[in-house]
Each structure stands twice: as structure tokens, then as C-alpha cells.
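Shown next, in C-alpha cells, is the structure this report addresses.
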Amino acid sequence: MDAINIDVNLLKEDTIIALATPSGIGAISVIRISGPDSFDVADSIFKGKIKIADSLSHTIHYGNIFDNSGSLIDDVLISVFRTPNSYTGEDSIEISTHGSPFIVKKIIELLLEKNVRMAEPGEFTKRAFLNGRIDLTQAEAVIDIINSRTEASLRGARNQLDGLLSAKVNDLRSLLINSSSYVELELDFAEEDIELIGHDELLGRIDKIIFELDALLSTYSFGRIVRDGVNVALVGKPNVGKSSLLNYILKESRAIVSHIPGTTRDVIREEVSIDGILFRLFDTAGIRISNDEIEKEGVLRSRAVVKDADVVLFINDVEQGIDGDLLEELFLITDKEKIVTVINKIDLKTNLDVKANIEVSAKTGEGMDILFKKLKMAALGTTNYSEKSAIVSNLRHYNCLKKAKASLQNAKNSLFNKFSGEFIAVDLRNAEGNLGEIIGAITSDDILNNIFTKFCIGK
């Protein structure tokens, strides 16, 4: 990892504490402490075979914790992590207690009396970043791992934590630094008219970096879906079987099913994992003209869901056929490429010749495997990304990459127009700064606060 320019005011020398496990009753609770006084404050309340301050890193010690009056609070296990080989890069301990909120409260209150303060949200991970244990993309991957809900989102976050994106960005940044150094050095010898890097070579390097940036930018749509999931709107006329289809996918009776048109009057939102991808399904009210005020509001909400959806399942049935008027209305609300036409109720005997992208029966399950494959294809497209690919899933990273590309395009224009080397050097440095902002080599306190306040306390 490249050296990071850290504001010394961001590096805090105090000792922090927080509950690292969820609040509430459980088998065990883990209290995390990090900072220079971690071992001393632990020894002030803990009695075991040896002192924590004298123990080796990555060892676990059994003993008892007593309050100020000498009364036993709990028997615990204390895990010891010595600097720099800890999560935060500082001396740290983790106290495993019985999972009683009362016990946790007593221990934390006891330690707060001993030159320890409560940690801020994400402060343990923030210290890991500031101490050079991880870069900023890896720090952001930690919260993505915590929030992961499917196999795909976990793999994506894990890859980012393992440094796949960081390595790619660092390589491009190193090439930029090398190239801009030649340009800036030439400026120092402008009077001698010395050329350290040729026009064509510099242009080739810039084109290579732009090509790599485009490759990263192209992964964002895929990465966002892997990380955040897919919004799918179930749309159709009343009584075509939208709710039945939802219930089949969920394997439970979540929506009311009735032969009476207009049964669904509000948007029902449910989530399901299909092949490791999170799909958020929105069962909408049947879109039609209605005099019922409640149903009219449901139709308005349905249109809003369609507008924001990644995929729209346009559901029809074999009895009513495809609703051309509704399809034209959908074309006005969303992109045609997002719409997947589905014919439901193919289990019914009918002479109506209706063809669609997908033909299913929510009653028997026929065609549902094809529907699932089509859903996944509509969401992800035909991607060739593997588990070892560097994927962009974070909007902050995406915007930094776009700004870096724009700066490089400016540098190319300066080269073509034979502008002075100062213009080229500035644009190359700007692009380098944009890439450095991704990994945290160049950053601000505002960016850090915005990232780490999204964490839970204790992480």
C-alpha cells in the first residue's frame, strides 16, 4: 500500500471501547478495546494466571473481572492483539463475556472510569485505515461485508477487502506518477530543451490508462447490482396473476389472491435471493382507470415503482392477451430494454394464440425456471467478470474514476494542441489525485467522516 498523507490531528492517541456484538441477550457478548492503555486498563479489573500486559499477541486468557469494591462481575476470556498486528494497528483486546446486557453495561461503565472513552461509529476501522492496516476502499468493503445479504454481495465485498480494486488503482496511479514526473522534470530543464519522454510514448501511456479506466467504469452497473440488489416491478392489468406470481417466487402466501380485479391496492415489497443475487420484488396495483380513491393512489405508486425499477415484468395472461395500451404506457415510463413480457396462466385451456418472451404458470410452476434465468440475465447482462475481477460497486469510486478519465482527456487535448507542458502536468496530477482519493492516499476529514459514520459503533 502506498504511503498515505494523514493529518496528524486525525490520529488519536486515546483508548476507545465499544460493544462489538449486537445489543441484547445472547450466548456471549464481545467488548472491544483499542489504544495505548488497552492492556493496563484490562489488568486493572481482570484477574487471571498472568497479566494481560505480559501476555503474547494473539493469545486468549481466562479469568475474572471484578468491580471497584472487589465483587465478581463475570468470568471472561480476553483475546490479546499487540501493535502492529491487530485490526486497528494498535494494542487491542477483546473481552468475551456471558451475553447479558447488564454484565456488558457494568464492564463498560467500569472501564470508562479508567481513561477510556466510548468509540465513535466506525472508529476501530477508521484507526485501521489511519494506521495503514487497510486502504480506504478496503475500509468501505468492511461495511459492505457487514451489510451483505446474498452470496454474490458477500463475494463482491470480500474481493474488495482482499484488495483487488486497490491493486488495480495503485497500478494505474503508479503509471501516472511515473509519467507526470517525466513531464514535470522536463519543465525544470525547459531552457536546455531536453525531452525525457516522447510525445507518442506519453500519448500511448495516457491511452492505456484511459482504456483501463473505461474497463473499470464498465463494471459499475454489474457491481451495483451485486452489492445492492435488483429492483423488479411486477406490472399488469388487474387479475392477470401478479400476486400469484409473487407468492410462487417467495414460496409463501404473501399477497392476497382473488378473482376480483383491483385486490392489490398498494405496492407490496418483498425480497428473495435467486442464484446469489438479491431481487426486490414490487407487486404493484393493477394499472387501470378507476374511480376508487384508494385504488387510484395505488396506481400512482405503481407508476413510480416502474420508473425506478431495474427490470419490469410486464405480466399478462392467456385469457386477456397482451395489453397493448398498457405496454405503450410502460414505454413512456421506462426504457424498453428493461421490460420483460410474461404470459401467465398457461395451465388454462384456451384457444387464444398468445406469444411472449416467457410463458409461465404461477399455479403449477411451469416455465418458472426460465423466468428466473431471464430475470438474472436482464439484471446482469452477459458479463464475463470472475471472482478475481476488480469490480466497481461504490458510487464514490465511480465518480473518482470518471474525474480521472476527464483529466486524462484534457491532457490528451493539450498534447494534440501542443500546449505547454505545464497544462499537461496539471491534468496528469489531477488524474493522479482522483485515483489517490479512491484508496485514501489523498483525502479529507469530511470524506472520512462521511464514510465511517455509516458504520455501527464497535466496528
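Following the order of the C-alpha cells, first chain is A, next is B, and so on, with residues numbered from 1 inside each chain and ligands from 1 in the order they appear.
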query = Leaving out A:Arg429 and any residue of its chain fewer than 3 positions from it, which residues lie within 9 Å of it when counting only C-alpha atoms, given as number ranges by chain?
reply = A: 176-177, 180, 407, 424-426, 432-434
key: Exercise: A:Gln160 partners within 8 Å, only C-alpha atoms, chain neighbours under 2 positions left out, as JSON, numbers by chain   = {"A": [137, 138, 141, 156, 157, 158, 162, 163, 164, 165, 166, 390, 391]}
task = Give the alpha helix (DSSP H) residues of stretch 32-88 of chain A, as DSSP finds them on the backbone, and put them as number ranges by chain.
result = A: 38-43
query = Could you write out, as a ChimeraX atom specification, all the residues of stretch 138-251 of chain A that DSSP marks as strand (DSSP E)?
reply = /A:230-236
message = At a cut-off of 12 Å, using only C-alpha atoms, what residues contact stretch 304-306 of chain A? Leave out same-chain residues fewer than 6 positions from it and give the result as JSON, numbers by chain.
response = {"A": [231, 232, 233, 234, 235, 236, 266, 267, 268, 269, 280, 281, 282, 283, 284, 285, 287, 297, 298, 312, 313, 314, 327, 329, 330, 331, 332, 333, 334, 335, 336, 338, 339]}
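Among the candidates A:His61, A:Arg82, A:His98, A:Lys363, the one nearest to A:Phe39 when counting only C-alpha atoms is A:Arg82.
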inquiry  = Using only C-alpha atoms, which protein or nucleic acid residues come within 12 Å of A:Glu366? Drop anything in the same chain fewer than 4 positions from it, and give the result as an NGL selection string.
reply    = :A and (245 or 248 or 343-348 or 358-362 or 370-372)
task = Identify, on the basis of only C-alpha atoms, every residue whose closest approach to A:Gly35 does not exceed 10 Å; exclude the query and any residue fewer than 6 positions from it along the same chain; express the result as number ranges by chain.
result = A: 12-17, 83, 88-93, 116, 124, 127
File of the preceding selection, C-alpha atoms, as a compact mmCIF listing (two decimals), in the first residue's frame:
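The resulting file, again04.txt, is shown below:
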```
# COMPACT_ATOMS: atom_id res chain seq x y z
CA LYS A 12 -5.95 9.99 18.19
CA GLU A 13 -3.80 8.62 20.98
CA ASP A 14 -6.60 7.81 23.42
CA THR A 15 -8.10 4.40 24.19
CA ILE A 16 -11.60 3.56 22.99
CA ILE A 17 -14.17 0.93 23.93
CA THR A 83 0.59 -3.49 17.71
CA THR A 88 -6.62 -1.31 14.27
CA GLY A 89 -2.81 -1.50 14.22
CA GLU A 90 -2.82 -0.57 17.92
CA ASP A 91 -2.67 -2.56 21.14
CA SER A 92 -6.14 -4.09 21.40
CA ILE A 93 -8.12 -6.57 23.44
CA VAL A 116 -11.16 5.04 28.29
CA PHE A 124 -11.99 0.93 15.02
CA ARG A 127 -7.99 3.67 13.03
```
request  = Would you kindly return, as a PyMOL selection string, each protein, DNA or RNA residue with an atom no farther than 10 Å from any atom of stretch 437-452 of chain A, considering only C-alpha atoms and excluding same-chain residues fewer than 3 positions away?
outcome  = chain A and resi 1-7+9-10+120-126+129-130+134-140+143+165-167+169-170+394+396-401+431-434+455-457+459
Restricted to C-alpha atoms, what would the selected residues look like written as an mmCIF file, in the first residue's frame?
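Once written, selection-v8.cif looks like this:
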```
data_model
loop_
_atom_site.group_PDB
_atom_site.id
_atom_site.type_symbol
_atom_site.label_atom_id
_atom_site.label_comp_id
_atom_site.auth_asym_id
_atom_site.auth_seq_id
_atom_site.Cartn_x
_atom_site.Cartn_y
_atom_site.Cartn_z
ATOM 1 C CA MET A 1 0.000 0.000 0.000
ATOM 2 C CA ASP A 2 1.306 3.467 -0.917
ATOM 3 C CA ALA A 3 2.205 5.912 1.813
ATOM 4 C CA ILE A 4 -0.809 7.920 2.894
ATOM 5 C CA ASN A 5 -0.648 11.584 3.820
ATOM 6 C CA ILE A 6 -2.568 11.671 7.094
ATOM 7 C CA ASP A 7 -3.449 14.800 9.010
ATOM 8 C CA ASN A 9 -4.991 15.690 14.041
ATOM 9 C CA LEU A 10 -6.885 12.637 12.770
ATOM 10 C CA GLU A 120 -17.420 6.722 17.640
ATOM 11 C CA PRO A 121 -19.237 4.893 14.796
ATOM 12 C CA GLY A 122 -16.672 3.047 12.680
ATOM 13 C CA GLU A 123 -13.754 4.307 14.742
ATOM 14 C CA PHE A 124 -11.992 0.935 15.017
ATOM 15 C CA THR A 125 -11.967 0.603 11.218
ATOM 16 C CA LYS A 126 -11.054 4.279 10.855
ATOM 17 C CA PHE A 129 -7.099 2.945 7.881
ATOM 18 C CA LEU A 130 -5.197 5.777 9.577
ATOM 19 C CA ILE A 134 -6.025 -1.113 5.161
ATOM 20 C CA ASP A 135 -6.700 1.484 2.491
ATOM 21 C CA LEU A 136 -9.955 3.391 2.067
ATOM 22 C CA THR A 137 -11.540 1.000 -0.439
ATOM 23 C CA GLN A 138 -10.873 -1.890 1.954
ATOM 24 C CA ALA A 139 -12.358 0.094 4.835
ATOM 25 C CA GLU A 140 -15.514 0.665 2.792
ATOM 26 C CA ILE A 143 -19.302 -2.152 5.888
ATOM 27 C CA LEU A 165 -9.686 -2.903 -6.718
ATOM 28 C CA SER A 166 -6.926 -1.266 -4.653
ATOM 29 C CA ALA A 167 -4.218 -3.136 -6.564
ATOM 30 C CA VAL A 169 -5.978 1.586 -8.851
ATOM 31 C CA ASN A 170 -2.469 1.575 -7.377
ATOM 32 C CA ASN A 394 -19.289 2.164 -4.914
ATOM 33 C CA ARG A 396 -17.723 7.399 -4.746
ATOM 34 C CA HIS A 397 -15.184 5.214 -6.562
ATOM 35 C CA TYR A 398 -17.141 5.527 -9.818
ATOM 36 C CA ASN A 399 -17.164 9.324 -9.653
ATOM 37 C CA CYS A 400 -13.435 9.461 -8.877
ATOM 38 C CA LEU A 401 -12.696 7.243 -11.884
ATOM 39 C CA ALA A 431 -5.942 12.407 -12.513
ATOM 40 C CA GLU A 432 -3.416 11.018 -10.052
ATOM 41 C CA GLY A 433 -5.217 12.836 -7.235
ATOM 42 C CA ASN A 434 -8.577 11.431 -8.306
ATOM 43 C CA PHE A 455 -20.576 2.130 10.380
ATOM 44 C CA CYS A 456 -22.059 0.704 13.523
ATOM 45 C CA ILE A 457 -20.388 1.519 16.847
ATOM 46 C CA LYS A 459 -16.682 -1.693 14.127
#
```
query = What is the atom CA of A:Arg117-atom CA of A:Ile31 distance in Å, reported with one decimal?
reply =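 Pair atom CA of A:Arg117 / atom CA of A:Ile31 returns 12.9 Å.
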Atom CA of A:Gly367 to atom CA of A:Asn247, straight-line distance in Å =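 Atom-to-atom, atom CA of A:Asn247 and atom CA of A:Gly367 are spaced 15.2 Å apart.
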query = Between A:Ala404, A:Lys307, A:Lys376, A:Lys242, which is the closest to A:Val342 once you count only C-alpha atoms?
reply = A:Lys242
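The shell of residues at most 8 Å from A:Ile65, with only C-alpha atoms counted and near chain neighbours (fewer than 2 positions) removed, consists of Ile45, Phe46, Lys47, Gly63, Asp67, Leu72, Ile73, Asp74, Asp75 and Val76 of chain A.
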